[in-house]
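Pasted below: upload_24.cif, mmCIF, N, CA and C atoms.
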```cif
data_data
#
loop_
_atom_site.group_PDB
_atom_site.id
_atom_site.type_symbol
_atom_site.label_atom_id
_atom_site.label_comp_id
_atom_site.auth_asym_id
_atom_site.auth_seq_id
_atom_site.Cartn_x
_atom_site.Cartn_y
_atom_site.Cartn_z
ATOM 1 N N MET A 143 -9.711 24.918 8.814
ATOM 2 C CA MET A 143 -10.263 23.588 8.928
ATOM 3 C C MET A 143 -11.314 23.597 10.030
ATOM 4 N N SER A 144 -12.276 22.688 9.891
ATOM 5 C CA SER A 144 -13.344 22.643 10.881
ATOM 6 C C SER A 144 -13.774 21.220 11.138
ATOM 7 N N ASN A 145 -14.378 21.016 12.288
ATOM 8 C CA ASN A 145 -14.992 19.722 12.563
ATOM 9 C C ASN A 145 -16.271 19.650 11.742
ATOM 10 N N THR A 146 -16.513 18.518 11.131
ATOM 11 C CA THR A 146 -17.635 18.412 10.209
ATOM 12 C C THR A 146 -18.332 17.080 10.376
ATOM 13 N N SER A 147 -19.341 16.896 9.570
ATOM 14 C CA SER A 147 -20.060 15.630 9.556
ATOM 15 C C SER A 147 -19.595 14.758 8.388
ATOM 16 N N THR A 148 -18.380 14.969 7.949
ATOM 17 C CA THR A 148 -17.823 14.185 6.849
ATOM 18 C C THR A 148 -17.454 12.790 7.320
ATOM 19 N N ARG A 149 -17.761 11.805 6.488
ATOM 20 C CA ARG A 149 -17.403 10.418 6.776
ATOM 21 C C ARG A 149 -16.619 9.855 5.598
ATOM 22 N N ILE A 150 -15.674 9.006 5.902
ATOM 23 C CA ILE A 150 -14.976 8.225 4.892
ATOM 24 C C ILE A 150 -15.391 6.787 5.128
ATOM 25 N N VAL A 151 -16.131 6.253 4.173
ATOM 26 C CA VAL A 151 -16.599 4.872 4.255
ATOM 27 C C VAL A 151 -15.699 4.039 3.361
ATOM 28 N N MET A 152 -15.244 2.899 3.857
ATOM 29 C CA MET A 152 -14.337 2.034 3.112
ATOM 30 C C MET A 152 -14.986 0.680 2.888
ATOM 31 N N SER A 153 -14.732 0.139 1.709
ATOM 32 C CA SER A 153 -15.180 -1.210 1.404
ATOM 33 C C SER A 153 -14.245 -1.797 0.355
ATOM 34 N N SER A 154 -13.970 -3.086 0.452
ATOM 35 C CA SER A 154 -13.105 -3.741 -0.536
ATOM 36 C C SER A 154 -13.965 -4.558 -1.499
ATOM 37 N N PHE A 155 -13.513 -4.599 -2.754
ATOM 38 C CA PHE A 155 -14.254 -5.274 -3.817
ATOM 39 C C PHE A 155 -13.337 -6.250 -4.557
ATOM 40 N N PRO A 156 -13.912 -7.317 -5.123
ATOM 41 C CA PRO A 156 -13.094 -8.341 -5.766
ATOM 42 C C PRO A 156 -12.552 -7.951 -7.143
ATOM 43 N N SER A 157 -13.107 -6.908 -7.756
ATOM 44 C CA SER A 157 -12.629 -6.508 -9.075
ATOM 45 C C SER A 157 -12.801 -5.007 -9.271
ATOM 46 N N LEU A 158 -12.012 -4.469 -10.185
ATOM 47 C CA LEU A 158 -12.110 -3.057 -10.515
ATOM 48 C C LEU A 158 -13.470 -2.752 -11.140
ATOM 49 N N ALA A 159 -13.964 -3.651 -11.958
ATOM 50 C CA ALA A 159 -15.261 -3.439 -12.622
ATOM 51 C C ALA A 159 -16.392 -3.292 -11.607
ATOM 52 N N VAL A 160 -16.422 -4.151 -10.600
ATOM 53 C CA VAL A 160 -17.473 -4.077 -9.572
ATOM 54 C C VAL A 160 -17.305 -2.808 -8.749
ATOM 55 N N ALA A 161 -16.081 -2.469 -8.394
ATOM 56 C CA ALA A 161 -15.821 -1.256 -7.620
ATOM 57 C C ALA A 161 -16.303 -0.020 -8.381
ATOM 58 N N LYS A 162 -16.000 0.053 -9.681
ATOM 59 C CA LYS A 162 -16.435 1.196 -10.494
ATOM 60 C C LYS A 162 -17.953 1.239 -10.624
ATOM 61 N N LYS A 163 -18.572 0.084 -10.771
ATOM 62 C CA LYS A 163 -20.031 0.033 -10.899
ATOM 63 C C LYS A 163 -20.699 0.631 -9.664
ATOM 64 N N VAL A 164 -20.275 0.182 -8.493
ATOM 65 C CA VAL A 164 -20.861 0.676 -7.245
ATOM 66 C C VAL A 164 -20.536 2.160 -7.070
ATOM 67 N N ALA A 165 -19.320 2.555 -7.399
ATOM 68 C CA ALA A 165 -18.924 3.962 -7.283
ATOM 69 C C ALA A 165 -19.818 4.855 -8.136
ATOM 70 N N ARG A 166 -20.043 4.469 -9.363
ATOM 71 C CA ARG A 166 -20.882 5.279 -10.255
ATOM 72 C C ARG A 166 -22.320 5.378 -9.736
ATOM 73 N N ILE A 167 -22.848 4.272 -9.232
ATOM 74 C CA ILE A 167 -24.225 4.269 -8.716
ATOM 75 C C ILE A 167 -24.368 5.266 -7.579
ATOM 76 N N VAL A 168 -23.488 5.191 -6.584
ATOM 77 C CA VAL A 168 -23.669 6.040 -5.398
ATOM 78 C C VAL A 168 -23.337 7.505 -5.670
ATOM 79 N N VAL A 169 -22.455 7.781 -6.623
ATOM 80 C CA VAL A 169 -22.192 9.178 -6.990
ATOM 81 C C VAL A 169 -23.382 9.744 -7.763
ATOM 82 N N GLN A 170 -23.926 8.963 -8.684
ATOM 83 C CA GLN A 170 -25.094 9.420 -9.446
ATOM 84 C C GLN A 170 -26.300 9.642 -8.537
ATOM 85 N N GLU A 171 -26.425 8.841 -7.507
ATOM 86 C CA GLU A 171 -27.524 8.992 -6.549
ATOM 87 C C GLU A 171 -27.235 10.078 -5.511
ATOM 88 N N LYS A 172 -26.076 10.722 -5.620
ATOM 89 C CA LYS A 172 -25.651 11.812 -4.736
ATOM 90 C C LYS A 172 -25.509 11.383 -3.278
ATOM 91 N N LEU A 173 -25.162 10.106 -3.089
ATOM 92 C CA LEU A 173 -24.889 9.604 -1.740
ATOM 93 C C LEU A 173 -23.442 9.863 -1.344
ATOM 94 N N CYS A 174 -22.612 10.191 -2.333
ATOM 95 C CA CYS A 174 -21.199 10.490 -2.113
ATOM 96 C C CYS A 174 -20.801 11.656 -3.001
ATOM 97 N N ALA A 175 -19.834 12.413 -2.537
ATOM 98 C CA ALA A 175 -19.290 13.490 -3.352
ATOM 99 C C ALA A 175 -18.139 12.986 -4.209
ATOM 100 N N CYS A 176 -17.414 12.008 -3.701
ATOM 101 C CA CYS A 176 -16.213 11.540 -4.382
ATOM 102 C C CYS A 176 -15.930 10.098 -3.971
ATOM 103 N N ILE A 177 -15.404 9.348 -4.926
ATOM 104 C CA ILE A 177 -14.985 7.964 -4.676
ATOM 105 C C ILE A 177 -13.534 7.831 -5.124
ATOM 106 N N GLN A 178 -12.751 7.128 -4.359
ATOM 107 C CA GLN A 178 -11.388 6.804 -4.773
ATOM 108 C C GLN A 178 -11.213 5.300 -4.711
ATOM 109 N N ILE A 179 -10.680 4.747 -5.786
ATOM 110 C CA ILE A 179 -10.446 3.308 -5.875
ATOM 111 C C ILE A 179 -8.947 3.086 -5.927
ATOM 112 N N GLN A 180 -8.444 2.326 -4.985
ATOM 113 C CA GLN A 180 -7.009 2.061 -4.930
ATOM 114 C C GLN A 180 -6.647 0.825 -5.733
ATOM 115 N N SER A 181 -5.390 0.812 -6.140
ATOM 116 C CA SER A 181 -4.834 -0.315 -6.882
ATOM 117 C C SER A 181 -5.069 -1.623 -6.144
ATOM 118 N N PRO A 182 -4.931 -2.714 -6.862
ATOM 119 C CA PRO A 182 -5.153 -4.002 -6.205
ATOM 120 C C PRO A 182 -4.246 -4.179 -4.987
ATOM 121 N N MET A 183 -4.811 -4.812 -3.993
ATOM 122 C CA MET A 183 -4.074 -5.148 -2.779
ATOM 123 C C MET A 183 -4.307 -6.624 -2.495
ATOM 124 N N THR A 184 -3.518 -7.167 -1.624
ATOM 125 C CA THR A 184 -3.712 -8.548 -1.214
ATOM 126 C C THR A 184 -4.335 -8.555 0.172
ATOM 127 N N SER A 185 -5.453 -9.253 0.308
ATOM 128 C CA SER A 185 -6.114 -9.403 1.601
ATOM 129 C C SER A 185 -5.916 -10.824 2.093
ATOM 130 N N VAL A 186 -5.583 -10.963 3.355
ATOM 131 C CA VAL A 186 -5.430 -12.267 3.998
ATOM 132 C C VAL A 186 -6.420 -12.299 5.151
ATOM 133 N N TYR A 187 -7.268 -13.325 5.191
ATOM 134 C CA TYR A 187 -8.342 -13.388 6.178
ATOM 135 C C TYR A 187 -8.820 -14.829 6.322
ATOM 136 N N THR A 188 -9.594 -15.058 7.376
ATOM 137 C CA THR A 188 -10.202 -16.363 7.581
ATOM 138 C C THR A 188 -11.669 -16.254 7.208
ATOM 139 N N TRP A 189 -12.142 -17.166 6.369
ATOM 140 C CA TRP A 189 -13.545 -17.203 5.972
ATOM 141 C C TRP A 189 -14.044 -18.627 6.102
ATOM 142 N N LYS A 190 -15.062 -18.813 6.946
ATOM 143 C CA LYS A 190 -15.646 -20.125 7.199
ATOM 144 C C LYS A 190 -14.588 -21.155 7.579
ATOM 145 N N GLY A 191 -13.664 -20.724 8.445
ATOM 146 C CA GLY A 191 -12.658 -21.617 8.985
ATOM 147 C C GLY A 191 -11.452 -21.864 8.099
ATOM 148 N N THR A 192 -11.388 -21.219 6.950
ATOM 149 C CA THR A 192 -10.279 -21.433 6.025
ATOM 150 C C THR A 192 -9.492 -20.146 5.828
ATOM 151 N N LEU A 193 -8.172 -20.266 5.873
ATOM 152 C CA LEU A 193 -7.313 -19.126 5.608
ATOM 153 C C LEU A 193 -7.380 -18.812 4.120
ATOM 154 N N GLU A 194 -7.735 -17.578 3.797
ATOM 155 C CA GLU A 194 -7.909 -17.159 2.410
ATOM 156 C C GLU A 194 -6.939 -16.035 2.074
ATOM 157 N N GLU A 195 -6.641 -15.909 0.805
ATOM 158 C CA GLU A 195 -5.845 -14.803 0.295
ATOM 159 C C GLU A 195 -6.456 -14.410 -1.037
ATOM 160 N N SER A 196 -6.739 -13.121 -1.204
ATOM 161 C CA SER A 196 -7.348 -12.695 -2.461
ATOM 162 C C SER A 196 -6.888 -11.296 -2.846
ATOM 163 N N ARG A 197 -7.040 -11.008 -4.104
ATOM 164 C CA ARG A 197 -6.753 -9.684 -4.646
ATOM 165 C C ARG A 197 -8.042 -8.866 -4.568
ATOM 166 N N GLU A 198 -7.937 -7.671 -4.004
ATOM 167 C CA GLU A 198 -9.111 -6.816 -3.858
ATOM 168 C C GLU A 198 -8.746 -5.368 -4.169
ATOM 169 N N PHE A 199 -9.783 -4.559 -4.360
ATOM 170 C CA PHE A 199 -9.638 -3.131 -4.594
ATOM 171 C C PHE A 199 -10.325 -2.395 -3.446
ATOM 172 N N MET A 200 -9.587 -1.522 -2.760
ATOM 173 C CA MET A 200 -10.165 -0.744 -1.669
ATOM 174 C C MET A 200 -10.810 0.505 -2.256
ATOM 175 N N VAL A 201 -12.033 0.759 -1.812
ATOM 176 C CA VAL A 201 -12.774 1.927 -2.280
ATOM 177 C C VAL A 201 -13.054 2.832 -1.083
ATOM 178 N N TYR A 202 -12.769 4.119 -1.265
ATOM 179 C CA TYR A 202 -13.035 5.139 -0.257
ATOM 180 C C TYR A 202 -14.187 6.005 -0.762
ATOM 181 N N PHE A 203 -15.269 6.008 -0.018
ATOM 182 C CA PHE A 203 -16.465 6.776 -0.342
ATOM 183 C C PHE A 203 -16.474 8.012 0.552
ATOM 184 N N LYS A 204 -16.441 9.220 -0.017
ATOM 185 C CA LYS A 204 -16.495 10.459 0.776
ATOM 186 C C LYS A 204 -17.955 10.902 0.837
ATOM 187 N N THR A 205 -18.506 10.922 2.041
ATOM 188 C CA THR A 205 -19.921 11.229 2.203
ATOM 189 C C THR A 205 -20.153 12.084 3.434
ATOM 190 N N LEU A 206 -21.410 12.375 3.694
ATOM 191 C CA LEU A 206 -21.819 13.138 4.872
ATOM 192 C C LEU A 206 -22.579 12.213 5.818
ATOM 193 N N SER A 207 -22.527 12.516 7.102
ATOM 194 C CA SER A 207 -23.076 11.610 8.107
ATOM 195 C C SER A 207 -24.554 11.288 7.885
ATOM 196 N N HIS A 208 -25.349 12.248 7.416
ATOM 197 C CA HIS A 208 -26.776 11.980 7.242
ATOM 198 C C HIS A 208 -27.060 11.024 6.081
ATOM 199 N N LEU A 209 -26.056 10.747 5.244
ATOM 200 C CA LEU A 209 -26.226 9.823 4.110
ATOM 201 C C LEU A 209 -25.597 8.451 4.359
ATOM 202 N N GLU A 210 -24.929 8.312 5.468
ATOM 203 C CA GLU A 210 -24.156 7.106 5.760
ATOM 204 C C GLU A 210 -25.010 5.826 5.743
ATOM 205 N N LYS A 211 -26.149 5.852 6.370
ATOM 206 C CA LYS A 211 -27.007 4.663 6.432
ATOM 207 C C LYS A 211 -27.484 4.253 5.031
ATOM 208 N N LYS A 212 -27.900 5.223 4.226
ATOM 209 C CA LYS A 212 -28.333 4.941 2.847
ATOM 210 C C LYS A 212 -27.171 4.403 2.016
ATOM 211 N N LEU A 213 -25.994 4.993 2.210
ATOM 212 C CA LEU A 213 -24.808 4.538 1.478
ATOM 213 C C LEU A 213 -24.479 3.094 1.830
ATOM 214 N N TYR A 214 -24.496 2.760 3.122
ATOM 215 C CA TYR A 214 -24.242 1.380 3.538
ATOM 216 C C TYR A 214 -25.187 0.422 2.806
ATOM 217 N N GLN A 215 -26.451 0.783 2.762
ATOM 218 C CA GLN A 215 -27.434 -0.103 2.133
ATOM 219 C C GLN A 215 -27.167 -0.262 0.642
ATOM 220 N N ARG A 216 -26.816 0.830 -0.038
ATOM 221 C CA ARG A 216 -26.554 0.739 -1.480
ATOM 222 C C ARG A 216 -25.305 -0.098 -1.753
ATOM 223 N N ILE A 217 -24.301 0.030 -0.908
ATOM 224 C CA ILE A 217 -23.107 -0.810 -1.068
ATOM 225 C C ILE A 217 -23.510 -2.275 -0.915
ATOM 226 N N LYS A 218 -24.273 -2.584 0.119
ATOM 227 C CA LYS A 218 -24.731 -3.965 0.334
ATOM 228 C C LYS A 218 -25.588 -4.465 -0.825
ATOM 229 N N ASP A 219 -26.440 -3.592 -1.375
ATOM 230 C CA ASP A 219 -27.317 -3.974 -2.493
ATOM 231 C C ASP A 219 -26.540 -4.463 -3.706
ATOM 232 N N HIS A 220 -25.345 -3.908 -3.910
ATOM 233 C CA HIS A 220 -24.582 -4.200 -5.134
ATOM 234 C C HIS A 220 -23.284 -4.955 -4.881
ATOM 235 N N HIS A 221 -23.022 -5.289 -3.638
ATOM 236 C CA HIS A 221 -21.752 -5.962 -3.305
ATOM 237 C C HIS A 221 -21.893 -7.464 -3.499
ATOM 238 N N PRO A 222 -20.908 -8.100 -4.136
ATOM 239 C CA PRO A 222 -21.009 -9.541 -4.385
ATOM 240 C C PRO A 222 -20.691 -10.422 -3.174
ATOM 241 N N TYR A 223 -20.111 -9.868 -2.117
ATOM 242 C CA TYR A 223 -19.741 -10.675 -0.960
ATOM 243 C C TYR A 223 -20.944 -10.917 -0.055
ATOM 244 N N ASP A 224 -20.956 -12.080 0.601
ATOM 245 C CA ASP A 224 -21.980 -12.383 1.597
ATOM 246 C C ASP A 224 -21.864 -11.469 2.815
ATOM 247 N N CYS A 225 -20.633 -11.122 3.155
ATOM 248 C CA CYS A 225 -20.359 -10.306 4.335
ATOM 249 C C CYS A 225 -19.345 -9.229 3.953
ATOM 250 N N PRO A 226 -19.805 -8.179 3.253
ATOM 251 C CA PRO A 226 -18.847 -7.168 2.799
ATOM 252 C C PRO A 226 -18.285 -6.336 3.946
ATOM 253 N N GLU A 227 -17.036 -5.978 3.788
ATOM 254 C CA GLU A 227 -16.397 -5.043 4.713
ATOM 255 C C GLU A 227 -16.955 -3.656 4.398
ATOM 256 N N ILE A 228 -17.572 -3.032 5.380
ATOM 257 C CA ILE A 228 -18.019 -1.648 5.251
ATOM 258 C C ILE A 228 -17.685 -0.973 6.579
ATOM 259 N N ILE A 229 -16.736 -0.058 6.525
ATOM 260 C CA ILE A 229 -16.234 0.596 7.721
ATOM 261 C C ILE A 229 -16.288 2.100 7.504
ATOM 262 N N SER A 230 -16.719 2.813 8.525
ATOM 263 C CA SER A 230 -16.808 4.264 8.436
ATOM 264 C C SER A 230 -15.882 4.922 9.439
ATOM 265 N N ILE A 231 -15.238 5.992 8.990
ATOM 266 C CA ILE A 231 -14.374 6.787 9.849
ATOM 267 C C ILE A 231 -14.861 8.229 9.791
ATOM 268 N N ALA A 232 -15.042 8.838 10.943
ATOM 269 C CA ALA A 232 -15.416 10.246 10.990
ATOM 270 C C ALA A 232 -14.175 11.091 10.723
ATOM 271 N N ALA A 233 -14.292 12.033 9.806
ATOM 272 C CA ALA A 233 -13.185 12.944 9.512
ATOM 273 C C ALA A 233 -13.233 14.094 10.516
ATOM 274 N N SER A 234 -12.164 14.290 11.251
ATOM 275 C CA SER A 234 -12.175 15.301 12.303
ATOM 276 C C SER A 234 -11.814 16.687 11.790
ATOM 277 N N ASN A 235 -11.052 16.775 10.736
ATOM 278 C CA ASN A 235 -10.662 18.066 10.175
ATOM 279 C C ASN A 235 -10.754 17.995 8.660
ATOM 280 N N VAL A 236 -11.610 18.844 8.113
ATOM 281 C CA VAL A 236 -11.833 18.857 6.669
ATOM 282 C C VAL A 236 -11.707 20.296 6.197
ATOM 283 N N ASP A 237 -10.997 20.498 5.109
ATOM 284 C CA ASP A 237 -10.877 21.828 4.531
ATOM 285 C C ASP A 237 -12.268 22.415 4.289
ATOM 286 N N GLU A 238 -12.473 23.652 4.662
ATOM 287 C CA GLU A 238 -13.798 24.277 4.569
ATOM 288 C C GLU A 238 -14.325 24.321 3.136
ATOM 289 N N ASN A 239 -13.460 24.596 2.166
ATOM 290 C CA ASN A 239 -13.898 24.618 0.767
ATOM 291 C C ASN A 239 -14.318 23.229 0.292
ATOM 292 N N TYR A 240 -13.558 22.219 0.689
ATOM 293 C CA TYR A 240 -13.903 20.848 0.318
ATOM 294 C C TYR A 240 -15.221 20.440 0.973
ATOM 295 N N GLN A 241 -15.377 20.794 2.239
ATOM 296 C CA GLN A 241 -16.610 20.474 2.961
ATOM 297 C C GLN A 241 -17.816 21.127 2.287
ATOM 298 N N GLN A 242 -17.673 22.382 1.889
ATOM 299 C CA GLN A 242 -18.774 23.068 1.224
ATOM 300 C C GLN A 242 -19.090 22.417 -0.116
ATOM 301 N N TRP A 243 -18.071 22.011 -0.859
ATOM 302 C CA TRP A 243 -18.273 21.315 -2.131
ATOM 303 C C TRP A 243 -19.048 20.020 -1.889
ATOM 304 N N MET A 244 -18.672 19.283 -0.851
ATOM 305 C CA MET A 244 -19.383 18.044 -0.529
ATOM 306 C C MET A 244 -20.853 18.323 -0.228
ATOM 307 N N LYS A 245 -21.117 19.347 0.582
ATOM 308 C CA LYS A 245 -22.491 19.699 0.936
ATOM 309 C C LYS A 245 -23.301 20.082 -0.299
ATOM 310 N N ASN A 246 -22.649 20.758 -1.244
ATOM 311 C CA ASN A 246 -23.333 21.163 -2.483
ATOM 312 C C ASN A 246 -23.537 19.992 -3.437
ATOM 313 N N THR A 247 -22.705 18.974 -3.331
ATOM 314 C CA THR A 247 -22.736 17.843 -4.255
ATOM 315 C C THR A 247 -23.671 16.735 -3.805
ATOM 316 N N CYS A 248 -23.708 16.472 -2.508
ATOM 317 C CA CYS A 248 -24.502 15.360 -1.975
ATOM 318 C C CYS A 248 -25.952 15.772 -1.751
ATOM 319 N N LEU A 249 -26.792 14.735 -1.537
ATOM 320 C CA LEU A 249 -28.196 14.985 -1.222
ATOM 321 C C LEU A 249 -28.319 15.827 0.029
ATOM 322 N N LYS A 250 -29.280 16.659 0.048
ATOM 323 C CA LYS A 250 -29.523 17.525 1.221
ATOM 324 C C LYS A 250 -30.333 16.766 2.255
#
```

Please re-express this file's structure in structure tokens.
Amino acid sequence: MSNTSTRIVMSSFPSLAVAKKVARIVVQEKLCACIQIQSPMTSVYTWKGTLEESREFMVYFKTLSHLEKKLYQRIKDHHPYDCPEIISIAASNVDENYQQWMKNTCLK
């Protein structure tokens, strides 16, 4: 395992259809090597002063640090929320074979 420039970007979406649409766009554009969409979850949050509860799908975008800014923009371009959750986590240990696959799959 090695320290790498791998990032896991997370964003929640209101439907599986929207999550898949955005996932396909960013994979086809080679901004991500892999996308994982989790089953529906319940989100509880305050929006414009009102307590809200909604069903959402969490999406994990596996990308490289040099593509992170472009990925954020593409998520925003296609996200239906006014203020989408987009959070990035740096991966500290990534399998070398997986890391190489990501480098070969994503934009250089």

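For the pair atom C of Trp243 in chain A and atom C of Cys174 in chain A, the interatomic distance is 8.6 Å.
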
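The interatomic distance for the pair CA of Val201 in chain A and CA of Ala165 in chain A works out to 8.2 Å.
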
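Relative to atom C of His220 in chain A, atom N of Lys163 in chain A is found at 9.1 Å.
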
Range 154-242 of chain A: residues DSSP assigns to strand (DSSP E or B), reported as a PyMOL selection string: chain A and resi 154-155+176-189+192-206+229-232+236

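Neighbours of Glu171 in chain A closer than or equal to 8 Å, with only N, CA and C atoms counted and sequence neighbours fewer than 5 positions away skipped, come out as A:Ala165, A:Arg166, A:Thr247, A:Cys248, A:Leu249.
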
Filtering to N, CA and C atoms, could you give me those residues as a compact mmCIF listing (two decimals), in the coordinates of the input?
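Once written, out_25.txt looks like this:
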```
# COMPACT_ATOMS: atom_id res chain seq x y z
N ALA A 165 -19.32 2.56 -7.40
CA ALA A 165 -18.92 3.96 -7.28
C ALA A 165 -19.82 4.86 -8.14
N ARG A 166 -20.04 4.47 -9.36
CA ARG A 166 -20.88 5.28 -10.26
C ARG A 166 -22.32 5.38 -9.74
N THR A 247 -22.70 18.97 -3.33
CA THR A 247 -22.74 17.84 -4.26
C THR A 247 -23.67 16.74 -3.80
N CYS A 248 -23.71 16.47 -2.51
CA CYS A 248 -24.50 15.36 -1.98
C CYS A 248 -25.95 15.77 -1.75
N LEU A 249 -26.79 14.74 -1.54
CA LEU A 249 -28.20 14.98 -1.22
C LEU A 249 -28.32 15.83 0.03
```

Can you take the partial range 221-229 of chain A, add all heavy atoms, and return it as a PDB file, in the frame of the given file?
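File produced: result.pdb:
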```pdb
ATOM      1  N   HIS A 221     -23.022  -5.289  -3.638  1.00  0.00           N
ATOM      2  CA  HIS A 221     -21.752  -5.962  -3.305  1.00  0.00           C
ATOM      3  C   HIS A 221     -21.893  -7.464  -3.499  1.00  0.00           C
ATOM      4  O   HIS A 221     -22.876  -8.056  -3.080  1.00  0.00           O
ATOM      5  CB  HIS A 221     -21.365  -5.655  -1.852  1.00  0.00           C
ATOM      6  CG  HIS A 221     -19.900  -5.699  -1.638  1.00  0.00           C
ATOM      7  ND1 HIS A 221     -19.161  -6.852  -1.740  1.00  0.00           N
ATOM      8  CD2 HIS A 221     -19.027  -4.707  -1.339  1.00  0.00           C
ATOM      9  CE1 HIS A 221     -17.901  -6.581  -1.501  1.00  0.00           C
ATOM     10  NE2 HIS A 221     -17.783  -5.285  -1.266  1.00  0.00           N
ATOM     11  N   PRO A 222     -20.908  -8.100  -4.136  1.00  0.00           N
ATOM     12  CA  PRO A 222     -21.009  -9.541  -4.385  1.00  0.00           C
ATOM     13  C   PRO A 222     -20.691 -10.422  -3.174  1.00  0.00           C
ATOM     14  O   PRO A 222     -20.993 -11.608  -3.189  1.00  0.00           O
ATOM     15  CB  PRO A 222     -19.988  -9.776  -5.498  1.00  0.00           C
ATOM     16  CG  PRO A 222     -18.974  -8.704  -5.313  1.00  0.00           C
ATOM     17  CD  PRO A 222     -19.742  -7.510  -4.797  1.00  0.00           C
ATOM     18  N   TYR A 223     -20.111  -9.868  -2.117  1.00  0.00           N
ATOM     19  CA  TYR A 223     -19.741 -10.675  -0.960  1.00  0.00           C
ATOM     20  C   TYR A 223     -20.944 -10.917  -0.055  1.00  0.00           C
ATOM     21  O   TYR A 223     -21.805 -10.056   0.088  1.00  0.00           O
ATOM     22  CB  TYR A 223     -18.653  -9.998  -0.134  1.00  0.00           C
ATOM     23  CG  TYR A 223     -17.303  -9.867  -0.781  1.00  0.00           C
ATOM     24  CD1 TYR A 223     -16.349  -9.031  -0.236  1.00  0.00           C
ATOM     25  CD2 TYR A 223     -16.964 -10.565  -1.932  1.00  0.00           C
ATOM     26  CE1 TYR A 223     -15.088  -8.896  -0.798  1.00  0.00           C
ATOM     27  CE2 TYR A 223     -15.714 -10.442  -2.503  1.00  0.00           C
ATOM     28  CZ  TYR A 223     -14.777  -9.602  -1.943  1.00  0.00           C
ATOM     29  OH  TYR A 223     -13.550  -9.473  -2.505  1.00  0.00           O
ATOM     30  N   ASP A 224     -20.956 -12.080   0.601  1.00  0.00           N
ATOM     31  CA  ASP A 224     -21.980 -12.383   1.597  1.00  0.00           C
ATOM     32  C   ASP A 224     -21.864 -11.469   2.815  1.00  0.00           C
ATOM     33  O   ASP A 224     -22.866 -11.117   3.436  1.00  0.00           O
ATOM     34  CB  ASP A 224     -21.857 -13.834   2.081  1.00  0.00           C
ATOM     35  CG  ASP A 224     -22.189 -14.848   1.004  1.00  0.00           C
ATOM     36  OD1 ASP A 224     -22.929 -14.509   0.062  1.00  0.00           O
ATOM     37  OD2 ASP A 224     -21.702 -15.993   1.104  1.00  0.00           O
ATOM     38  N   CYS A 225     -20.633 -11.122   3.155  1.00  0.00           N
ATOM     39  CA  CYS A 225     -20.359 -10.306   4.335  1.00  0.00           C
ATOM     40  C   CYS A 225     -19.345  -9.229   3.953  1.00  0.00           C
ATOM     41  O   CYS A 225     -18.152  -9.345   4.255  1.00  0.00           O
ATOM     42  CB  CYS A 225     -19.811 -11.205   5.447  1.00  0.00           C
ATOM     43  SG  CYS A 225     -19.461 -10.345   6.981  1.00  0.00           S
ATOM     44  N   PRO A 226     -19.805  -8.179   3.253  1.00  0.00           N
ATOM     45  CA  PRO A 226     -18.847  -7.168   2.799  1.00  0.00           C
ATOM     46  C   PRO A 226     -18.285  -6.336   3.946  1.00  0.00           C
ATOM     47  O   PRO A 226     -18.975  -6.052   4.924  1.00  0.00           O
ATOM     48  CB  PRO A 226     -19.675  -6.294   1.856  1.00  0.00           C
ATOM     49  CG  PRO A 226     -21.074  -6.465   2.296  1.00  0.00           C
ATOM     50  CD  PRO A 226     -21.168  -7.867   2.847  1.00  0.00           C
ATOM     51  N   GLU A 227     -17.036  -5.978   3.788  1.00  0.00           N
ATOM     52  CA  GLU A 227     -16.397  -5.043   4.713  1.00  0.00           C
ATOM     53  C   GLU A 227     -16.955  -3.656   4.398  1.00  0.00           C
ATOM     54  O   GLU A 227     -16.845  -3.171   3.277  1.00  0.00           O
ATOM     55  CB  GLU A 227     -14.887  -5.045   4.481  1.00  0.00           C
ATOM     56  CG  GLU A 227     -14.166  -3.898   5.138  1.00  0.00           C
ATOM     57  CD  GLU A 227     -12.747  -3.738   4.631  1.00  0.00           C
ATOM     58  OE1 GLU A 227     -12.386  -4.290   3.580  1.00  0.00           O
ATOM     59  OE2 GLU A 227     -11.990  -3.025   5.308  1.00  0.00           O
ATOM     60  N   ILE A 228     -17.572  -3.032   5.380  1.00  0.00           N
ATOM     61  CA  ILE A 228     -18.019  -1.648   5.251  1.00  0.00           C
ATOM     62  C   ILE A 228     -17.685  -0.973   6.579  1.00  0.00           C
ATOM     63  O   ILE A 228     -18.261  -1.305   7.611  1.00  0.00           O
ATOM     64  CB  ILE A 228     -19.531  -1.534   4.952  1.00  0.00           C
ATOM     65  CG1 ILE A 228     -19.903  -2.372   3.728  1.00  0.00           C
ATOM     66  CG2 ILE A 228     -19.905  -0.068   4.732  1.00  0.00           C
ATOM     67  CD1 ILE A 228     -21.406  -2.443   3.474  1.00  0.00           C
ATOM     68  N   ILE A 229     -16.736  -0.058   6.525  1.00  0.00           N
ATOM     69  CA  ILE A 229     -16.234   0.596   7.721  1.00  0.00           C
ATOM     70  C   ILE A 229     -16.288   2.100   7.504  1.00  0.00           C
ATOM     71  O   ILE A 229     -15.928   2.588   6.437  1.00  0.00           O
ATOM     72  CB  ILE A 229     -14.780   0.169   8.010  1.00  0.00           C
ATOM     73  CG1 ILE A 229     -14.711  -1.335   8.261  1.00  0.00           C
ATOM     74  CG2 ILE A 229     -14.195   0.954   9.174  1.00  0.00           C
ATOM     75  CD1 ILE A 229     -13.308  -1.881   8.338  1.00  0.00           C
TER      76      ILE A 229
END
```
